[in-house]
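Working notes, beginning with the structure itself.
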Amino acid sequence: MNKLLVVCGPTATGKTALAIMLAKQWNGELVSADSRQIYKGLDALTGKDRSDDIPIWLYDVVEPGMAFSVAHFVRLAKSSIENIYKRNKLPILVGGTGFYLQALTTTVDSLMVPPNPSLRMVLHAASLSSLQEELQLIDSLRWKAMNESDQKNPRRLIRAIEVARSAKYVPPTMPQYDALWIGLTSPLSILEQRIRKRVRERFVKAVREVRDGLPSLLGVAPLLSYSHGNSTKEEALAKWTLSELQYAKRQMTWFRKQKNIRWFDVSKEGYIGLVEAYVSSWYTH
RNA sequence: GCUGAGGUGGCGGAGUGGACAAUCGCAACAGUCUGUAAAACUGUCGCCCUACCGGGCUACCCAGGUUCGAAUCCUGGCCUCAGCA
């Protein structure tokens with residue numbers, strides 16, 4: 001089975017830097033699994049780190065505002081990984097978008113059902129209760145499988161109805177990888193400091209990147225408010241920092257339930273050595 | 001110092017005699033997740049018990065008072081802000 005190294009974890013833990021280092025050691029190339037960094041430009045806003053000699057796939061694949069979703073990601077990532085294998089290199093999947101990572105490494109059956117824009121438009125105008133009723137009617141199993149939170153989530157209900165109404169698919173078999181999951185984390189207070197520092201460092205560049213009409217990525221609203229003169233730099237920094245921190249917490253909520261991740265605390269001295277040893281024992285087997 | 005406005009839960013801000021442990025927003029905490037995942041959504045959110053059905057206690061600047069009953073009315077005090085000085 002083909003080996004695939006996965007480096008995941010919340011934002012601002014140094015995933016990319018670590019992955020680049022590992023790529024140099026093991027003749028690898030990176031594949032980004034980040035739902036923000038797929039957009040062209042916006043380097044400072046989305047925190048893209050780059051390397052002169054290690055390729056990073058799936059940065060800058062689509063214009064901001066264009067439709068992009070997990071399904072696109074999975075297709076692109078699969079072909080990137082194949083490409084890397086063909087050249088006998090090690091793909092290193094690095095990113096904080098847990099859903100992307102999951103979809104790529106496991107089977108997600110409904111992923112092949114494409115969106116139905118006209119249906120969505122109609123359902124979008126429907127009330128929550130009518131969405132609930134419709135789903136119960138056309139796919140009661142799906143409805144029962146949803147928890148209370150999703151049953152009250154219009155977006156999820158609409159997608160479930162969309163899937164239920166589509167023709168049934170036989171899910172294609174996904175490539176199976178021999179994946180090693182490495183998670184990078186640190187205590188929340190330290191993570192907060194790192195986020196604060198990173199955001200401050202990127203502020204000036206990020207202000208130049210944002211413009212009206214951009215998708216509402218983290219930081220866009222406060223940065224625009226600042227550049228329009230509606231808030232001070234400190235206010236904008238505070239808001240951007242806060243949203244990044246909240247995002248990091250959400251990421252951790254996702255990753256916490258995933259039991260195959262080996263976690264490393266990046267605030268501890270010598271964690272890199274531990275990672276290297278861990279990867280080494282996996283890679284050489 | 002005078003005049004006006006006001007002091008409500010971590011913050012903002014409703015409430016102006018009973019249905020108020022106090023609408024709502026933010027923050028916080030926990031969580032959901034199968035084509036928007038940066039998103040969307042759920043629950044909790046004074047303290048203490050609880051078989052989660054409830055029960056007890058302390059609360060709306062402070063001190064008194066009126067009232068069967070006050071965050072809401074009255075008196076005094078303290079403090080804040082705006083304008084005048």
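FYI, nothing fancy with the structure tokens labels: chains A, B, ... in order, residues from 1 per chain, ligands from 1 as they appear.
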
10 Å contact set for Pro154 of chain A, only C-alpha atoms (C1' of nucleotides), chain neighbours under 5 positions out, as a PDB file with N, CA and C atoms (P, O5', C5', C4', C3', O3' and C1' of nucleotides), in the first residue's frame:
ATOM      1  N   LEU A 123     -35.332  25.244  -2.145  1.00  0.00           N
ATOM      2  CA  LEU A 123     -35.306  24.840  -0.739  1.00  0.00           C
ATOM      3  C   LEU A 123     -34.788  25.948   0.165  1.00  0.00           C
ATOM      4  N   HIS A 124     -33.945  26.767  -0.411  1.00  0.00           N
ATOM      5  CA  HIS A 124     -33.373  27.848   0.386  1.00  0.00           C
ATOM      6  C   HIS A 124     -34.456  28.763   0.939  1.00  0.00           C
ATOM      7  N   ALA A 126     -37.401  27.776   1.728  1.00  0.00           N
ATOM      8  CA  ALA A 126     -38.349  27.035   2.559  1.00  0.00           C
ATOM      9  C   ALA A 126     -38.034  27.209   4.038  1.00  0.00           C
ATOM     10  N   SER A 127     -39.044  27.021   4.849  1.00  0.00           N
ATOM     11  CA  SER A 127     -38.851  27.149   6.290  1.00  0.00           C
ATOM     12  C   SER A 127     -38.161  25.903   6.830  1.00  0.00           C
ATOM     13  N   LEU A 128     -37.611  26.054   8.014  1.00  0.00           N
ATOM     14  CA  LEU A 128     -36.930  24.924   8.644  1.00  0.00           C
ATOM     15  C   LEU A 128     -37.870  23.738   8.789  1.00  0.00           C
ATOM     16  N   SER A 129     -39.090  24.012   9.277  1.00  0.00           N
ATOM     17  CA  SER A 129     -39.996  22.891   9.539  1.00  0.00           C
ATOM     18  C   SER A 129     -40.408  22.185   8.250  1.00  0.00           C
ATOM     19  N   LEU A 131     -38.536  21.889   5.590  1.00  0.00           N
ATOM     20  CA  LEU A 131     -37.379  21.084   5.195  1.00  0.00           C
ATOM     21  C   LEU A 131     -37.355  19.786   6.001  1.00  0.00           C
ATOM     22  N   GLN A 132     -37.621  19.935   7.281  1.00  0.00           N
ATOM     23  CA  GLN A 132     -37.623  18.753   8.150  1.00  0.00           C
ATOM     24  C   GLN A 132     -38.683  17.755   7.707  1.00  0.00           C
ATOM     25  N   ARG A 159     -28.998  19.632   1.799  1.00  0.00           N
ATOM     26  CA  ARG A 159     -28.105  18.669   1.141  1.00  0.00           C
ATOM     27  C   ARG A 159     -28.662  17.247   1.255  1.00  0.00           C
ATOM     28  N   ALA A 160     -29.207  16.907   2.403  1.00  0.00           N
ATOM     29  CA  ALA A 160     -29.754  15.560   2.569  1.00  0.00           C
ATOM     30  C   ALA A 160     -30.906  15.318   1.609  1.00  0.00           C
TER      31      ALA A 160
ATOM     32  P     A B  40     -21.625  30.883   8.543  1.00  0.00           P
ATOM     33  O5'   A B  40     -22.651  29.678   8.684  1.00  0.00           O
ATOM     34  C5'   A B  40     -23.630  29.450   7.681  1.00  0.00           C
ATOM     35  C4'   A B  40     -24.290  28.118   7.929  1.00  0.00           C
ATOM     36  C3'   A B  40     -24.839  27.922   9.331  1.00  0.00           C
ATOM     37  O3'   A B  40     -26.096  28.546   9.490  1.00  0.00           O
ATOM     38  C1'   A B  40     -23.616  26.009   8.705  1.00  0.00           C
ATOM     39  P     C B  41     -26.515  29.164  10.896  1.00  0.00           P
ATOM     40  O5'   C B  41     -26.700  27.857  11.776  1.00  0.00           O
ATOM     41  C5'   C B  41     -27.695  26.907  11.413  1.00  0.00           C
ATOM     42  C4'   C B  41     -27.493  25.624  12.173  1.00  0.00           C
ATOM     43  C3'   C B  41     -27.543  25.711  13.688  1.00  0.00           C
ATOM     44  O3'   C B  41     -28.880  25.840  14.157  1.00  0.00           O
ATOM     45  C1'   C B  41     -25.775  24.293  13.046  1.00  0.00           C
TER      46        C B  41
END

### Task
Dump as a ChimeraX atom specification the residues of chain A that approach chain B to within 6 Å, counting only C-alpha atoms (C1' of nucleotides).
/A:36,69-71,108,110-111,149,153,217-218

Skip segment 226-239 of chain A itself and residues of its chain fewer than 2 positions away, then list as a compact mmCIF listing (two decimals) with C-alpha atoms (C1' of nucleotides), in the first residue's frame all residues within 12 Å of it, counting only C-alpha atoms (C1' of nucleotides).
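Below you can see result36.txt, which holds the result:
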# COMPACT_ATOMS: atom_id res chain seq x y z
CA GLU A 192 -3.32 32.03 21.37
CA ILE A 195 -1.96 33.26 16.60
CA ARG A 196 -1.70 36.79 17.96
CA LYS A 197 1.87 37.06 16.75
CA ARG A 198 1.19 35.64 13.32
CA VAL A 199 -1.81 37.83 12.71
CA ARG A 200 0.10 40.93 13.74
CA GLU A 201 3.00 40.07 11.47
CA ARG A 202 0.75 39.60 8.47
CA PHE A 203 -1.50 42.53 9.08
CA VAL A 204 -0.02 45.06 6.67
CA LYS A 205 0.21 42.59 3.79
CA ALA A 206 -3.22 41.19 4.48
CA VAL A 207 -4.79 44.63 4.42
CA ARG A 208 -3.47 45.03 0.89
CA GLU A 209 -4.93 41.69 -0.14
CA VAL A 210 -8.49 42.22 0.94
CA ARG A 211 -11.06 43.93 -1.21
CA ASP A 212 -14.81 44.15 -1.33
CA LEU A 218 -11.50 34.71 8.52
CA GLY A 219 -10.17 38.21 8.92
CA VAL A 220 -11.72 39.71 5.83
CA ALA A 221 -14.45 41.61 7.63
CA PRO A 222 -12.24 43.26 10.25
CA LEU A 223 -9.53 44.05 7.71
CA LEU A 224 -12.01 45.67 5.36
CA THR A 241 -7.15 37.18 16.15
CA LEU A 242 -10.32 36.16 17.92
CA SER A 243 -11.82 34.56 14.83
CA GLU A 244 -8.61 32.62 14.20
CA LEU A 245 -8.58 31.42 17.78
CA GLN A 246 -12.20 30.34 17.61
C1' C B 26 -21.18 39.23 21.96
C1' A B 27 -17.69 36.48 24.60

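When the distance limit is 12 Å and only C-alpha atoms (C1' of nucleotides) are what count, the residues near Asn88 of chain A, minus those fewer than 4 positions from it on the same chain, are Asn2, Lys3, Trp26, Asn27, Gly28, Glu29, Ile81, Glu82, Asn83 and Ile84 of chain A.
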
Selection export as a short mmCIF file (atom, residue, chain, number, x, y, z; two decimals), in the first residue's frame, atoms kept: C-alpha atoms:
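Final file, result-v4.cif:
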data_model
loop_
_atom_site.label_atom_id
_atom_site.label_comp_id
_atom_site.auth_asym_id
_atom_site.auth_seq_id
_atom_site.Cartn_x
_atom_site.Cartn_y
_atom_site.Cartn_z
CA ASN A 2 1.22 3.46 -0.82
CA LYS A 3 2.45 5.48 2.05
CA TRP A 26 12.10 11.67 2.96
CA ASN A 27 12.01 12.93 -0.59
CA GLY A 28 8.49 14.17 -0.31
CA GLU A 29 6.15 16.79 -1.67
CA ILE A 81 -0.98 12.25 -4.92
CA GLU A 82 -0.93 9.95 -7.93
CA ASN A 83 1.42 12.32 -9.65
CA ILE A 84 3.73 12.27 -6.67
#

### Task
Could you give me the residues within segment 146-284 of chain A that DSSP places in strand (DSSP E or B), as an MDAnalysis selection string?
chainID A and resid 177:185 261:265

### Task
Tell me which protein, DNA and RNA residues are within 10 Å of U72 of chain B, counting only C-alpha atoms (C1' of nucleotides), leaving out same-chain ones fewer than 4 positions away, and put them as JSON, numbers by chain.
{"B": [15, 16, 17, 60]}

How would the residues just chosen look if you wrote them out with N, CA and C atoms (P, O5', C5', C4', C3', O3' and C1' of nucleotides) as a PDB file, in the first residue's frame?
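As a result, out33.pdb now contains:
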ATOM      1  P     G B  15     -36.570  49.198  27.504  1.00  0.00           P
ATOM      2  O5'   G B  15     -37.247  48.312  28.630  1.00  0.00           O
ATOM      3  C5'   G B  15     -38.234  47.331  28.276  1.00  0.00           C
ATOM      4  C4'   G B  15     -38.330  46.299  29.370  1.00  0.00           C
ATOM      5  C3'   G B  15     -38.777  46.831  30.729  1.00  0.00           C
ATOM      6  O3'   G B  15     -40.198  46.803  30.819  1.00  0.00           O
ATOM      7  C1'   G B  15     -36.889  45.398  30.991  1.00  0.00           C
ATOM      8  P     U B  16     -41.060  48.127  30.934  1.00  0.00           P
ATOM      9  O5'   U B  16     -42.026  48.064  32.144  1.00  0.00           O
ATOM     10  C5'   U B  16     -41.836  47.811  33.514  1.00  0.00           C
ATOM     11  C4'   U B  16     -41.390  49.002  34.318  1.00  0.00           C
ATOM     12  C3'   U B  16     -42.129  50.321  34.106  1.00  0.00           C
ATOM     13  O3'   U B  16     -43.018  50.578  35.187  1.00  0.00           O
ATOM     14  C1'   U B  16     -39.752  50.613  34.291  1.00  0.00           C
ATOM     15  P     G B  17     -44.468  50.123  35.173  1.00  0.00           P
ATOM     16  O5'   G B  17     -44.187  48.934  36.182  1.00  0.00           O
ATOM     17  C5'   G B  17     -44.844  48.954  37.381  1.00  0.00           C
ATOM     18  C4'   G B  17     -44.272  47.846  38.206  1.00  0.00           C
ATOM     19  C3'   G B  17     -45.113  46.583  38.100  1.00  0.00           C
ATOM     20  O3'   G B  17     -44.260  45.563  37.557  1.00  0.00           O
ATOM     21  C1'   G B  17     -44.694  47.237  40.379  1.00  0.00           C
ATOM     22  P     C B  60     -29.545  43.516  43.812  1.00  0.00           P
ATOM     23  O5'   C B  60     -29.445  44.145  42.357  1.00  0.00           O
ATOM     24  C5'   C B  60     -28.190  44.213  41.657  1.00  0.00           C
ATOM     25  C4'   C B  60     -28.491  44.693  40.275  1.00  0.00           C
ATOM     26  C3'   C B  60     -29.284  45.992  40.269  1.00  0.00           C
ATOM     27  O3'   C B  60     -28.496  46.982  39.621  1.00  0.00           O
ATOM     28  C1'   C B  60     -30.267  44.312  38.859  1.00  0.00           C
TER      29        C B  60
END

### Task
Mind checking which residues fall within 9 Å of G7 of chain B, counting only C-alpha atoms (C1' of nucleotides), ignoring those fewer than 3 positions away in the same chain, and posting them as a list in words?
C61, C79 and U80 of chain B

Just write the chosen residues, N, CA and C atoms (P, O5', C5', C4', C3', O3' and C1' of nucleotides), as a CSV table (one decimal), in the first residue's frame.
chain,number,residue,atom,x,y,z
B,61,C,P,-28.4,48.5,40.3
B,61,C,O5',-27.3,48.3,41.4
B,61,C,C5',-26.0,47.8,41.0
B,61,C,C4',-24.9,48.4,41.9
B,61,C,C3',-25.4,48.5,43.4
B,61,C,O3',-25.1,47.3,44.1
B,61,C,C1',-24.5,50.6,42.6
B,79,C,P,-18.3,60.0,45.0
B,79,C,O5',-18.4,59.2,43.7
B,79,C,C5',-17.6,58.0,43.5
B,79,C,C4',-18.1,57.2,42.3
B,79,C,C3',-18.1,58.0,41.0
B,79,C,O3',-16.9,58.0,40.3
B,79,C,C1',-20.2,56.8,41.2
B,80,U,P,-16.6,59.2,39.3
B,80,U,O5',-17.4,58.7,38.0
B,80,U,C5',-17.0,57.5,37.3
B,80,U,C4',-17.9,57.3,36.1
B,80,U,C3',-18.0,58.5,35.2
B,80,U,O3',-17.0,58.4,34.2
B,80,U,C1',-20.2,57.7,35.7

### Message
Need the shell around Ile138 of chain A: protein/DNA/RNA residues with any atom at most 8 Å away, counting only C-alpha atoms (C1' of nucleotides). Skip same-chain ones fewer than 4 positions apart. Format as a PyMOL selection string?
### Response
chain A and resi 134+161+164-165

#### Entry: Which of segment 30-255 of chain A DSSP labels helix (DSSP H, G or I), written as number ranges by chain
A: 43-46, 70-86, 98-105, 109-112, 117-124, 128-138, 140-145, 148-151, 154-165, 188-209, 220-227, 233-255

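Nearest residue to A70 of chain B, choosing from B:C47, B:C20, B:A28, B:C57 and counting only C-alpha atoms (C1' of nucleotides): B:C20.
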